[in-house]
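Scroll down for the structure; my scribbles are underneath it.
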Amino acid sequence: MSFRRPRGTRDFLPGEMELRRMLESRICGIFRSFGYREVGTPTFEHLELITAKSGEEIVERLYSFQDKSGRWLALRPEFTAPVMRMYVTSLQSEPKPLRLYYFGPCFRYERPQAGRYREFWQAGVELIGSGTPEAQAEVVALADTVLRELELEYELHVGSVGVLRKLLAEHGAGEEEQVRVMGMIDRGEVEEALQRLEALGGAELAELVEQLISLEGEAREVARRAERVLEGHSGATGELRSLGEIMEALEWYGVEARLNLGIARGLDYYTGMVFEAYVPSLGAEKQVCGGGSYSLAEVFGGKPVPTSGFAFGFDRLLIAAELEPPVERRVMVIPLSREMVPGAVRVASELRGRGVMCELEVMGRKLGKALAGANAKGVEYVVLVGEELRRGRVVLRDMRTGEQREVEVERLGELPELSQPSSP
Ligand code: AMP
């Protein structure tokens with residue numbers, strides 16, 4: 001029997017959990033400020049929901065299992081498919097666009113390393129029902145706002161799988177072949193991808209794609225170079241122009257994004273614009289965000305609807321953000337004898353009722369030991385409950401100075417030193 005954590009999972013101790021909650025509330029606060037509303041979905045789904053979207057190959061990267069009735073289920077590896085399933089079953093008739101956000105754990109059977117876990121958290125959004133340049137740009141701008149407000153050193157790269165897909169389609173590559181080649185490029189297997197393309201459309205196609213996917217840099221400059229590379233390929237050029245409109249809308253938002261035509265995104269459901277954000281200081285696992293525009297509702301039996309979204313890797317953001325722990329006022333109520341325990345319980349309840357966060361000494365210790373214990377825990381103020389309680393009074397002790405004074409229980413809740421400092 002092993003009592004260790006399963007590989008790729010983590011425990012979060014109190015200090016870390018406080019930081020996680022703090023980051024969650026900052027990110028979700030920004031989502032809400034753009035009008036997004038939170039949704040929740042089950043931690044596990046029918047396996048087919050995941051394979052319908054990402055193909056059978058994904059099964060080896062999943063936690064999948066059969067339940068006692070023999071149904072095949074999987075722990076969710078991400079939220080987009082579950083959210084779109086929910087949209088199709090419950091939200092299709094809502095006024096458009098729908099702005100939804102989520103936060104929660106995802107599970108992937110991966111090889112764990114720094115910044116890569118088997119259980120990790122995602123925070124993300126889906127904007128359902130509009131495919132205008134400004135709608136697509138909004139989603140990118142929202143991701144950018146979060147990264148900026150967290151004061152990270154990051155790079156935002158925007159590209160389009162549409163350009164490459166159209167180019168491949170013009171050379172006779174079917175949907176499946178497109179997905180295969182895009183997958184290879186995404187995994188960095190560029191040589192293999194180019195060989196396949198050569199077999200498919202000759203050296204000219206391979207050369208074209210090689211040039212295209214190496215284009216990355218300042219948006220206008222890259223767009224000009226790409227136009228030259230794509231001359232005569234009208235479908236791909238059309239996609240490039242659509243991307244240009246999104247890049248222009250991003251300028252209105254004040255977002256500085258680079259254009260990167262090498263972003264292929266592994267999952268096959270993206271249709272046009274795609275984007276990724278990197279925090280270089282994170283090293284190998286530097287990608288903190290991935291997203292783009294897609295059409296998925298029809299895969300789950302709904303009407304096609306243009307959608308854009310992204311997911312942040314919450315754990316990676318937490319590492320990158322290097323947040324300071326929140327400042328918390330710690331208060332402890334100590335009964336001076338066993339007889340005073342009921343009174344101390346009442347005082348603690350009264351304090352909590354007035355919004356003071358406090359804990360009660362429950363170790364049955366003598367005063368000296370209890371104070372030493374409070375000190376060791378970093379408690380700043382102690383409320384001593386003794387005989388004075390008959391007069392409605394207690395003794396307040398400042399643990400840093402050792403100063404003590406008698407205070408009316410009634411007035412404790414008003415004392416500024418006992419209230420929580422406002423959060424940063
Ligand atoms: P994806 O759904 O693959 O586009 O992932 C979105 C984001 O989730 C990525 O940019 C990563 O930051 C994060 N992420 C993906 N897989 C993991 C993992 N195994 N551990 C930690 N973060 C991850």
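Chains: A, B, ... in order of the structure tokens. Residues: from 1 per chain. Ligands: from 1, in order shown.
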
Enumerate as a PyMOL selection string the residues within 7 Å of ligand 1, counting only C-alpha atoms and all ligand atoms. chain A and resi 78+108+110+115-122+287-291+311-316

Please list as a ChimeraX atom specification every residue within 9 Å of range 340-357 of chain A, counting only C-alpha atoms and excluding residues in the same chain fewer than 4 positions away. /A:329-336,361-362,383-387,389,394,409-410,412-414,418-420

Suppose we keep N, CA, C and O atoms; can you now write the selection as a compact mmCIF listing (two decimals), in the first residue's frame?
```
# COMPACT_ATOMS: atom_id res chain seq x y z
N ARG A 329 -4.84 39.53 9.28
CA ARG A 329 -4.81 39.81 10.71
C ARG A 329 -5.18 38.53 11.46
O ARG A 329 -6.22 37.94 11.18
N ARG A 330 -4.30 38.08 12.36
CA ARG A 330 -4.63 36.85 13.08
C ARG A 330 -4.96 37.19 14.53
O ARG A 330 -4.18 37.82 15.24
N VAL A 331 -6.13 36.76 14.94
CA VAL A 331 -6.62 37.06 16.29
C VAL A 331 -6.95 35.74 16.98
O VAL A 331 -7.48 34.83 16.34
N MET A 332 -6.61 35.63 18.28
CA MET A 332 -6.95 34.41 19.02
C MET A 332 -7.65 34.76 20.33
O MET A 332 -7.25 35.71 21.02
N VAL A 333 -8.68 34.00 20.65
CA VAL A 333 -9.40 34.18 21.90
C VAL A 333 -8.96 33.09 22.87
O VAL A 333 -9.01 31.91 22.54
N ILE A 334 -8.47 33.51 24.06
CA ILE A 334 -7.95 32.53 25.03
C ILE A 334 -8.73 32.61 26.34
O ILE A 334 -8.77 33.67 26.98
N PRO A 335 -9.36 31.51 26.79
CA PRO A 335 -10.00 31.51 28.11
C PRO A 335 -8.93 31.40 29.19
O PRO A 335 -7.98 30.64 29.02
N LEU A 336 -9.10 32.17 30.28
CA LEU A 336 -8.06 32.15 31.30
C LEU A 336 -8.17 30.96 32.26
O LEU A 336 -7.27 30.72 33.05
N GLU A 361 -8.56 29.26 21.40
CA GLU A 361 -7.58 28.34 22.01
C GLU A 361 -8.36 27.12 22.53
O GLU A 361 -9.26 27.26 23.35
N VAL A 362 -8.04 25.94 22.01
CA VAL A 362 -8.79 24.73 22.41
C VAL A 362 -7.86 23.66 22.97
O VAL A 362 -8.24 22.49 23.05
N VAL A 383 -7.32 37.94 22.64
CA VAL A 383 -8.40 38.41 23.50
C VAL A 383 -8.44 37.44 24.70
O VAL A 383 -8.71 36.25 24.52
N LEU A 384 -8.12 37.96 25.88
CA LEU A 384 -8.10 37.11 27.08
C LEU A 384 -9.45 37.20 27.77
O LEU A 384 -9.94 38.29 28.08
N VAL A 385 -10.06 36.02 27.97
CA VAL A 385 -11.40 36.01 28.57
C VAL A 385 -11.28 35.49 30.01
O VAL A 385 -10.97 34.31 30.23
N GLY A 386 -11.46 36.39 30.99
CA GLY A 386 -11.36 36.04 32.40
C GLY A 386 -12.54 36.58 33.18
O GLY A 386 -13.63 36.80 32.62
N GLU A 387 -12.28 36.84 34.48
CA GLU A 387 -13.35 37.29 35.39
C GLU A 387 -14.06 38.56 34.92
O GLU A 387 -15.24 38.77 35.18
N LEU A 389 -15.27 39.30 32.33
CA LEU A 389 -16.39 39.06 31.42
C LEU A 389 -17.73 39.31 32.12
O LEU A 389 -18.71 39.70 31.49
N VAL A 394 -13.25 42.26 28.37
CA VAL A 394 -12.16 41.29 28.16
C VAL A 394 -10.85 42.08 28.10
O VAL A 394 -10.86 43.31 28.05
N VAL A 409 -16.63 44.01 25.45
CA VAL A 409 -16.85 43.02 24.39
C VAL A 409 -17.62 43.66 23.23
O VAL A 409 -17.29 43.47 22.07
N GLU A 410 -18.63 44.46 23.58
CA GLU A 410 -19.46 45.17 22.61
C GLU A 410 -18.64 45.95 21.58
O GLU A 410 -19.02 46.08 20.44
N LEU A 412 -15.38 45.43 20.74
CA LEU A 412 -14.27 44.71 20.09
C LEU A 412 -14.36 44.75 18.57
O LEU A 412 -13.36 44.95 17.87
N GLY A 413 -15.59 44.57 18.07
CA GLY A 413 -15.79 44.50 16.62
C GLY A 413 -15.44 45.79 15.89
O GLY A 413 -15.15 45.79 14.70
N GLU A 414 -15.43 46.92 16.65
CA GLU A 414 -15.16 48.22 16.00
C GLU A 414 -13.68 48.54 15.95
O GLU A 414 -13.27 49.48 15.28
N LEU A 418 -8.31 44.97 14.93
CA LEU A 418 -8.78 43.59 14.78
C LEU A 418 -9.36 43.30 13.40
O LEU A 418 -9.60 42.16 13.05
N SER A 419 -9.59 44.35 12.60
CA SER A 419 -10.22 44.08 11.30
C SER A 419 -9.16 43.71 10.27
O SER A 419 -7.97 44.00 10.44
N GLN A 420 -9.59 43.03 9.21
CA GLN A 420 -8.66 42.59 8.17
C GLN A 420 -8.15 43.78 7.38
O GLN A 420 -8.92 44.66 7.01
```

Measure the distance from CA of Glu359 in chain A to CA of Val327 in chain A in Å and round it to one decimal.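 So the answer is 16.6 Å.
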
Counting only C-alpha atoms, the option among A:Gly174, A:Gly309, A:Gly302, A:Pro416 closest to Val88 in chain A: A:Gly302

Selected residue of minimal separation from Cys106 in chain A among A:Glu45, A:Glu126, A:Glu56, A:Glu218, counting only C-alpha atoms: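 Among the listed residues, A:Glu45 lies closest to Cys106 in chain A.
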
With only C-alpha atoms as the basis for distance, which of A:His46, A:Arg5, A:Lys53, A:Arg224 is at the shortest distance from Gly244 in chain A?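 The shortest atom-to-atom distance to Gly244 in chain A comes from A:Arg224.
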
Measure the distance from CA of Gly254 in chain A to CA of Gly159 in chain A in Å and round it to one decimal.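 Result for CA of Gly254 in chain A versus CA of Gly159 in chain A: 17.6 Å, one decimal.
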
Just list as number ranges by chain whatever in range 166-360 of chain A DSSP marks as strand (DSSP E). A: 216-218, 258-260, 270-278, 287-294, 307-313, 331-335, 358-360

Please identify all polymer residues within 10 Å of Ala114 in chain A, counting only C-alpha atoms, omitting same-chain residues fewer than 4 positions from it, and present them as a list in words.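 Near Ala114 in chain A, the qualifying residues are Gly8, Leu282, Gly283, Ala284, Glu285 and Arg316 of chain A.
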
Residue among A:Glu198, A:Leu296, A:Val161, A:Arg180 lying closest to Ile263 in chain A, counting only C-alpha atoms: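 Smallest distance to Ile263 in chain A is found for A:Val161.
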
Nearest to Gln113 in chain A, chosen from A:Leu91, A:Val395, A:Ala206, A:Thr9, with only C-alpha atoms counted in the distances: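 For Gln113 in chain A, the nearest of the given residues is A:Thr9.
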
Smallest atom-to-atom distance to Gly238 in chain A: which of A:Lys166, A:Arg338, A:Arg20, A:Arg32, using only C-alpha atoms? A:Lys166

One-decimal distance in Å that lies between CA of Glu276 in chain A and CA of Arg21 in chain A: 24.4 Å

With only C-alpha atoms as the counted atoms, please give the residues lying no more than 6 Å from Gly272 in chain A, apart from itself and same-chain residues fewer than 4 positions off, as a list of chain:residue names.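 Contacts, in chain order: A:Ser160, A:Val161, A:Gly162, A:Ser293.
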